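Asks: Dropping the structure in here first, questions after.
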Amino acid sequence: MMRADQLASVRRSVMNAIPVNMLLGFAALVVALRYGHGMIGGIWYAGSSTINLARMALCGARLHRVGGGYTRDARQAVPRAVEAHQRLHLLAAALSGTAWALVPLLCAGYAEPQATFYLVVVCGITAGAVVYGAAQARIPISFIVPALLSVIGCLLYAGGFDRNALAATVALYLVALVRSAWGSEAGFRELSRLKNEATAMARSLGAARDRATEFAQRMHHRANHDALTELLNRAGFMQALEQRVASGAPVCLMLLDLDGFKSVNDLYGHEAGDRVLVEVARRLRQALPDGYAAGRLGGDEFAVVLAPECLTRPVTQLATRLIAAIAIPFPGCAAGSVGVSIGIHGL
């Protein structure tokens, strides 16, 4: 994530710095034309502009994504793609710095009157590169070193106390810029680390909150539902009944008691009895209209509460349908071995 943050910052900073680079290059071309170096100035500006345009294209290039395909977001890209683009940006910065290292060709090695202008431009553009390139020190350093070493070399070659002193000053300036670049990167990396740790912690807390919510929901479900039939248990059903009664609307209560269930347990075993209870719950869900609450009160006792407006037919017809549904033979049990008695009460 830190490398991705660095690449994203580099792409933004390059896109902001390139227009300034090209404008200063154009100013250098104008001065070259003014002092009779138009041809070499044109060639130099064309080369520098070509490199700058390539750097802008690189900033807009897509990166390989984790799930396949391409993305412009460095945080979604695979680490290999991020590192490859960082190396390309490093190479492009070095080429651009080399182009500015050739500025002495426009002023006879800083020996002509216009040399002051070029010195100011080169020093200014290198300072700007460090300011814009705070995320990754190697990229602005690869730009400023060729340009400033060219200045130092030309001044030392020309000789003289003033030029030697200026060369020493530029060397100190170069060292200061390099130190500033590394310091800026260290600060950026620390901020990126803190940001990514905070993001990871927030995601972890969010996941923990979701798990806690899910666990609480499961516990609430278990506390209010019968583990065997998944109907409401006694406590859950009583709560549902109280809520409906408290609403003030009339409700209908049905109490169901299985007939012959004890014989099923005695003849076929408790596992068969459990299967019968599960099947009874399924048949209740299938036969009841919408808007009901059904529960298993315990053993072979069930209860249903529903609002009268949920009934599309008289409640006695619903009771008859429930009796008929439960009277259907259960797998593994003799026909007619299980029935149901239903009591109905309106509240």
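By convention here, the chains of the structure tokens are called A, B, ... in the order presented, each chain's residues are numbered starting at 1, and ligands are numbered starting at 1 in the order presented.
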Taking only C-alpha atoms into account, produce a table as a tab-separated table in which each residue of stretch 185-283 of chain A with an atom at most 10 Å from an atom of stretch 326-329 of chain A appears once, together with its shortest atom pair and the distance in Å to one decimal, ordered by chain and rising number.

Replies:
```
residue	atom	partner	partner_atom	distance
A:Leu258	CA	A:Ile326	CA	8.8
A:Asp259	CA	A:Ala327	CA	9.9
A:Val276	CA	A:Ile326	CA	9.7
A:Glu279	CA	A:Ile326	CA	8.7
A:Val280	CA	A:Ile326	CA	6.4
A:Ala281	CA	A:Ile326	CA	9.6
A:Arg282	CA	A:Ile326	CA	10.0
A:Arg283	CA	A:Ile326	CA	6.9
```

Asks: Hey, can you spit out that residue selection with C-alpha atoms as a PDB file, in the first residue's frame?

Replies:
```
ATOM      1  CA  LEU A 258     -50.449 -33.717  18.407  1.00  0.00           C
ATOM      2  CA  ASP A 259     -52.449 -36.924  18.893  1.00  0.00           C
ATOM      3  CA  VAL A 276     -42.306 -35.990  12.812  1.00  0.00           C
ATOM      4  CA  GLU A 279     -42.332 -32.288   9.343  1.00  0.00           C
ATOM      5  CA  VAL A 280     -45.236 -30.878  11.360  1.00  0.00           C
ATOM      6  CA  ALA A 281     -43.444 -27.498  11.502  1.00  0.00           C
ATOM      7  CA  ARG A 282     -42.909 -27.595   7.732  1.00  0.00           C
ATOM      8  CA  ARG A 283     -46.562 -28.372   7.085  1.00  0.00           C
TER       9      ARG A 283
END
```

Asks: Give me, as number ranges by chain, all polymer residues having an atom no more than 10 Å from stretch 145-155 of chain A, counting only C-alpha atoms and skipping those fewer than 3 positions away in the same chain.

Replies: A: 94-104, 108-111, 118-119, 122-123, 125-126, 140-142, 158-160, 162-171, 173-175, 177-178

Asks: Find the residues near A:Gly260: any atom within 10 Å, counting only C-alpha atoms, skip ones fewer than 3 places away on the same chain, and give them as an MDAnalysis selection string.

Replies: chainID A and resid 257 263:265 300 336:340

Asks: Output C-alpha atoms of each residue in that selection to a file, as a PDB file, in the first residue's frame.

Replies:
```
ATOM      1  CA  ASP A 257     -51.657 -30.701  20.390  1.00  0.00           C
ATOM      2  CA  SER A 263     -46.897 -43.843  20.413  1.00  0.00           C
ATOM      3  CA  VAL A 264     -44.538 -42.761  17.628  1.00  0.00           C
ATOM      4  CA  ASN A 265     -41.739 -42.279  20.162  1.00  0.00           C
ATOM      5  CA  ASP A 300     -45.813 -32.055  20.928  1.00  0.00           C
ATOM      6  CA  GLY A 336     -53.158 -42.447  10.882  1.00  0.00           C
ATOM      7  CA  SER A 337     -50.657 -42.768  13.700  1.00  0.00           C
ATOM      8  CA  VAL A 338     -50.422 -38.960  14.177  1.00  0.00           C
ATOM      9  CA  GLY A 339     -53.207 -36.407  14.227  1.00  0.00           C
ATOM     10  CA  VAL A 340     -53.816 -33.039  15.826  1.00  0.00           C
TER      11      VAL A 340
END
```

Asks: Can you list every residue in stretch 194-295 of chain A that DSSP puts in alpha helix (DSSP H), as a PyMOL selection string?

Replies: chain A and resi 194-224+234-246+261-268+270-287

Asks: So what do you get for atom CA of A:Lys195 versus atom CA of A:Met2, distance-wise?

Replies: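 Atom CA of A:Met2 lies at a distance of 9.3 Å from atom CA of A:Lys195.
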
Asks: With a distance cut-off of 9 Å and only C-alpha atoms, select the neighbouring residues of stretch 16-28 of chain A, excluding the residue or stretch itself and same-chain residues fewer than 2 positions from it, and output the selection as a PyMOL selection string.

Replies: chain A and resi 11-14+30-33+41+44-45+48-49+52-53+55-56+100+103+106+117-118+121+125+128-129+132

Asks: Just want the 8 Å neighbourhood of stretch 233-245 of chain A, counted on only C-alpha atoms, with same-chain residues fewer than 5 positions away dropped. Output as a PDB file with C-alpha atoms, in the first residue's frame.

Replies:
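Listing of selection-v7.pdb after writing:
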```
ATOM      1  CA  ALA A 223     -32.870 -17.642  22.372  1.00  0.00           C
ATOM      2  CA  ASN A 224     -36.265 -17.238  20.703  1.00  0.00           C
ATOM      3  CA  HIS A 225     -36.445 -20.243  18.370  1.00  0.00           C
ATOM      4  CA  ASP A 226     -36.780 -23.966  18.860  1.00  0.00           C
ATOM      5  CA  PRO A 250     -57.722  -8.239  17.481  1.00  0.00           C
ATOM      6  CA  VAL A 251     -55.783 -11.474  17.065  1.00  0.00           C
ATOM      7  CA  ALA A 293     -46.390 -16.378  14.183  1.00  0.00           C
ATOM      8  CA  ALA A 294     -45.998 -20.063  14.963  1.00  0.00           C
ATOM      9  CA  GLY A 295     -44.152 -21.663  17.835  1.00  0.00           C
ATOM     10  CA  ARG A 296     -43.458 -24.944  19.536  1.00  0.00           C
ATOM     11  CA  LEU A 297     -44.377 -24.581  23.182  1.00  0.00           C
ATOM     12  CA  GLY A 298     -42.737 -27.848  24.173  1.00  0.00           C
ATOM     13  CA  ALA A 303     -49.302 -22.571  18.887  1.00  0.00           C
ATOM     14  CA  VAL A 305     -51.238 -16.462  16.455  1.00  0.00           C
ATOM     15  CA  LEU A 347     -58.268 -12.123  21.598  1.00  0.00           C
TER      16      LEU A 347
END
```

Asks: Give the answer as one residue: which of A:Glu214, A:Leu88, A:Ile344, A:Ser180 has the shortest atom-to-atom distance to A:Val131, using only C-alpha atoms?

Replies: A:Ser180

Asks: Using only C-alpha atoms, pick whichever of A:Met1, A:Asp266, A:Arg34, A:Thr316 has the shortest atom-to-atom distance to A:Glu197.

Replies: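 For A:Glu197, the nearest of the given residues is A:Met1.
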
Asks: Counting only C-alpha atoms, figure out which residue out of A:Ser341, A:Gly38, A:Gln6, A:Met201 gets nearest to A:Ser184.

Replies: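 Ranked by minimum distance to A:Ser184, first place goes to A:Gln6.
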
Asks: Give me the residues near A:His85 as a PyMOL selection string, where near means some atom within 12 Å (using only C-alpha atoms) and where sequence neighbours in that chain fewer than 3 positions away do not count.

Replies: chain A and resi 3-4+6-8+10-11+55+57-64+72+74+77-82+88-92+139

Asks: Those residues with C-alpha atoms, as a PDB file, in the first residue's frame please?

Replies:
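Listed below is the output, part-v4.pdb:
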```pdb
ATOM      1  CA  ARG A   3       4.412   1.770  -2.708  1.00  0.00           C
ATOM      2  CA  ALA A   4       1.012   2.264  -4.289  1.00  0.00           C
ATOM      3  CA  GLN A   6       4.053   6.631  -3.632  1.00  0.00           C
ATOM      4  CA  LEU A   7       3.266   5.815  -7.257  1.00  0.00           C
ATOM      5  CA  ALA A   8      -0.083   7.588  -7.108  1.00  0.00           C
ATOM      6  CA  VAL A  10       4.394  10.530  -8.282  1.00  0.00           C
ATOM      7  CA  ARG A  11       1.839  10.390 -11.095  1.00  0.00           C
ATOM      8  CA  ARG A  55       6.291  11.121 -18.952  1.00  0.00           C
ATOM      9  CA  ALA A  57       1.662   9.378 -21.149  1.00  0.00           C
ATOM     10  CA  LEU A  58       3.275   7.150 -18.532  1.00  0.00           C
ATOM     11  CA  CYS A  59       1.253   8.887 -15.821  1.00  0.00           C
ATOM     12  CA  GLY A  60      -1.963   8.026 -17.647  1.00  0.00           C
ATOM     13  CA  ALA A  61      -0.984   4.437 -18.427  1.00  0.00           C
ATOM     14  CA  ARG A  62      -3.034   1.616 -16.902  1.00  0.00           C
ATOM     15  CA  LEU A  63      -1.560  -0.858 -14.443  1.00  0.00           C
ATOM     16  CA  HIS A  64      -2.200  -4.590 -14.162  1.00  0.00           C
ATOM     17  CA  ARG A  72      -5.364   3.532 -13.309  1.00  0.00           C
ATOM     18  CA  ALA A  74      -2.211   2.176  -8.142  1.00  0.00           C
ATOM     19  CA  ALA A  77      -2.651  -2.924  -9.020  1.00  0.00           C
ATOM     20  CA  VAL A  78      -0.386  -5.885  -8.376  1.00  0.00           C
ATOM     21  CA  PRO A  79       2.952  -5.029  -6.684  1.00  0.00           C
ATOM     22  CA  ARG A  80       4.933  -6.023  -9.794  1.00  0.00           C
ATOM     23  CA  ALA A  81       3.052  -3.500 -11.921  1.00  0.00           C
ATOM     24  CA  VAL A  82       3.572  -0.762  -9.323  1.00  0.00           C
ATOM     25  CA  LEU A  88       9.871   3.674 -15.663  1.00  0.00           C
ATOM     26  CA  HIS A  89       9.226   6.975 -13.882  1.00  0.00           C
ATOM     27  CA  LEU A  90      12.781   6.845 -12.515  1.00  0.00           C
ATOM     28  CA  LEU A  91      14.211   6.298 -16.009  1.00  0.00           C
ATOM     29  CA  ALA A  92      12.033   9.047 -17.499  1.00  0.00           C
ATOM     30  CA  ILE A 139      12.838  10.193  -8.944  1.00  0.00           C
TER      31      ILE A 139
END
```

Asks: When you draw a straight line from atom CA of A:Gly133 to atom CA of A:Gly42, how long is it in Å?

Replies: 27.8 Å
